[in-house]
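First up is the structure itself, then whatever we jot down about it.
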Amino acid sequence: MVLVRENLTWTEALRYCRDRDMDLVSVDSEDIQNRVKNVTASASSPHVWLGLRHSCVVGLWFWVNGQTLCYGQWASGYGTGEENCTTTVRSGAIQTSGQRWISLPEDETNNFICVKAV
C-alpha cells in the first residue's frame with residue numbers, strides 16, 4: 001500500500017497506479033480500513049482517493065477491482081442517497097481527518113493510495 005502525495009484527479013490517479021502495475025485501493029474489511037487510516041496520516045491533501053466509483057446508470061457504488069461494496073465506512077450523509085450525476089461522475093475518497101468515506105466529483109485533485117494488483 002503506497003500513498004502517492006501528488007494531487008491528481010480520480011481518473012489520473014487510477015491511470016498512475018495502473019501504469020505501475022498497481023490499482024487504487026479497495027477497502028473490503030476493517031483490517032484494510034485500518035491500514036488505509038495509517039497510510040493517510042501522512043497525506044498532504046484533505047482527502048485521499050480510494051478505488052471507489054459510482055455508476056449513475058445503475059445507481060450504485062463499486063470498487064475498481066471488481067468487488068461489490070459490502071463493507072462501508074461512509075461519513076454521515078454519504079453513500080446512501082442519490083448522487084448528483086448532472087455535472088460529473090462521483091468517486092470515493094477518505095477524509096484525512098475523520099477517516100470516513102465521502103463522495104467527491106472525480107475532477108477534484110487529491111493524494112491517492114495504490115496497491116499491488118493481484
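All residue names refer to the C-alpha cells as shown: chains lettered A, B, ... in order, residues numbered from 1 in each chain, ligands numbered from 1 in order.
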Where does region 29-95 of chain A meet region 107-114 of chain A within 7 Å, residue by residue, with the nearest atom pair and distance in Å to one decimal for each, counting only C-alpha atoms, listed by chain and rising number, as a tab-separated table?
```
residue	atom	partner	partner_atom	distance
A:Ala43	CA	A:Asn111	CA	6.6
A:Ser44	CA	A:Asn111	CA	6.9
A:Ser45	CA	A:Asn110	CA	5.7
A:His47	CA	A:Asn110	CA	6.1
A:Val48	CA	A:Phe112	CA	4.9
A:Trp49	CA	A:Phe112	CA	4.5
A:Leu50	CA	A:Phe112	CA	6.6
```
Quiz item: What are the DSSP strand (DSSP E) residues of chain A, as a ChimeraX atom specification?
Solution: /A:2-8,22-24,47-55,60-63,90-95,101-105,110-116
Write to file, as an mmCIF file, in the first residue's frame, the residues of the selection just made, with C-alpha atoms.
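again02.cif was written with the following content:
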```cif
data_model
loop_
_atom_site.group_PDB
_atom_site.id
_atom_site.type_symbol
_atom_site.label_atom_id
_atom_site.label_comp_id
_atom_site.auth_asym_id
_atom_site.auth_seq_id
_atom_site.Cartn_x
_atom_site.Cartn_y
_atom_site.Cartn_z
ATOM 1 C CA VAL A 2 1.591 3.239 -1.198
ATOM 2 C CA LEU A 3 0.383 6.776 -0.531
ATOM 3 C CA VAL A 4 1.154 8.994 -3.514
ATOM 4 C CA ARG A 5 1.450 12.581 -2.266
ATOM 5 C CA GLU A 6 0.641 14.067 -5.639
ATOM 6 C CA ASN A 7 -2.705 15.772 -6.265
ATOM 7 C CA LEU A 8 -4.406 14.196 -9.277
ATOM 8 C CA MET A 22 -0.970 -1.375 -9.314
ATOM 9 C CA ASP A 23 -4.566 -0.283 -8.676
ATOM 10 C CA LEU A 24 -6.334 2.245 -6.482
ATOM 11 C CA HIS A 47 -8.999 13.744 1.153
ATOM 12 C CA VAL A 48 -7.337 10.695 -0.383
ATOM 13 C CA TRP A 49 -8.795 8.884 -3.392
ATOM 14 C CA LEU A 50 -9.909 5.269 -2.998
ATOM 15 C CA GLY A 51 -10.706 2.838 -5.800
ATOM 16 C CA LEU A 52 -14.378 3.602 -5.246
ATOM 17 C CA ARG A 53 -16.583 4.671 -8.136
ATOM 18 C CA HIS A 54 -20.267 5.480 -8.567
ATOM 19 C CA SER A 55 -22.313 4.313 -11.534
ATOM 20 C CA LEU A 60 -24.600 2.035 -7.036
ATOM 21 C CA TRP A 61 -21.030 2.198 -5.768
ATOM 22 C CA PHE A 62 -18.389 -0.370 -6.788
ATOM 23 C CA TRP A 63 -14.648 -0.995 -6.398
ATOM 24 C CA ARG A 90 -18.655 10.798 -8.434
ATOM 25 C CA SER A 91 -15.766 8.898 -6.894
ATOM 26 C CA GLY A 92 -14.940 7.849 -3.355
ATOM 27 C CA ALA A 93 -12.304 9.308 -1.072
ATOM 28 C CA ILE A 94 -11.378 9.009 2.580
ATOM 29 C CA GLN A 95 -11.187 12.076 4.789
ATOM 30 C CA TRP A 101 -15.516 7.849 3.139
ATOM 31 C CA ILE A 102 -17.105 10.650 1.160
ATOM 32 C CA SER A 103 -18.320 11.182 -2.389
ATOM 33 C CA LEU A 104 -16.439 13.789 -4.445
ATOM 34 C CA PRO A 105 -16.561 14.968 -8.065
ATOM 35 C CA ASN A 110 -6.209 14.667 -4.150
ATOM 36 C CA ASN A 111 -3.484 12.328 -2.962
ATOM 37 C CA PHE A 112 -4.276 8.638 -3.548
ATOM 38 C CA ILE A 113 -3.331 5.115 -2.484
ATOM 39 C CA CYS A 114 -2.025 2.481 -4.874
ATOM 40 C CA VAL A 115 -1.817 -1.220 -4.052
ATOM 41 C CA LYS A 116 -0.144 -4.052 -5.910
#
```
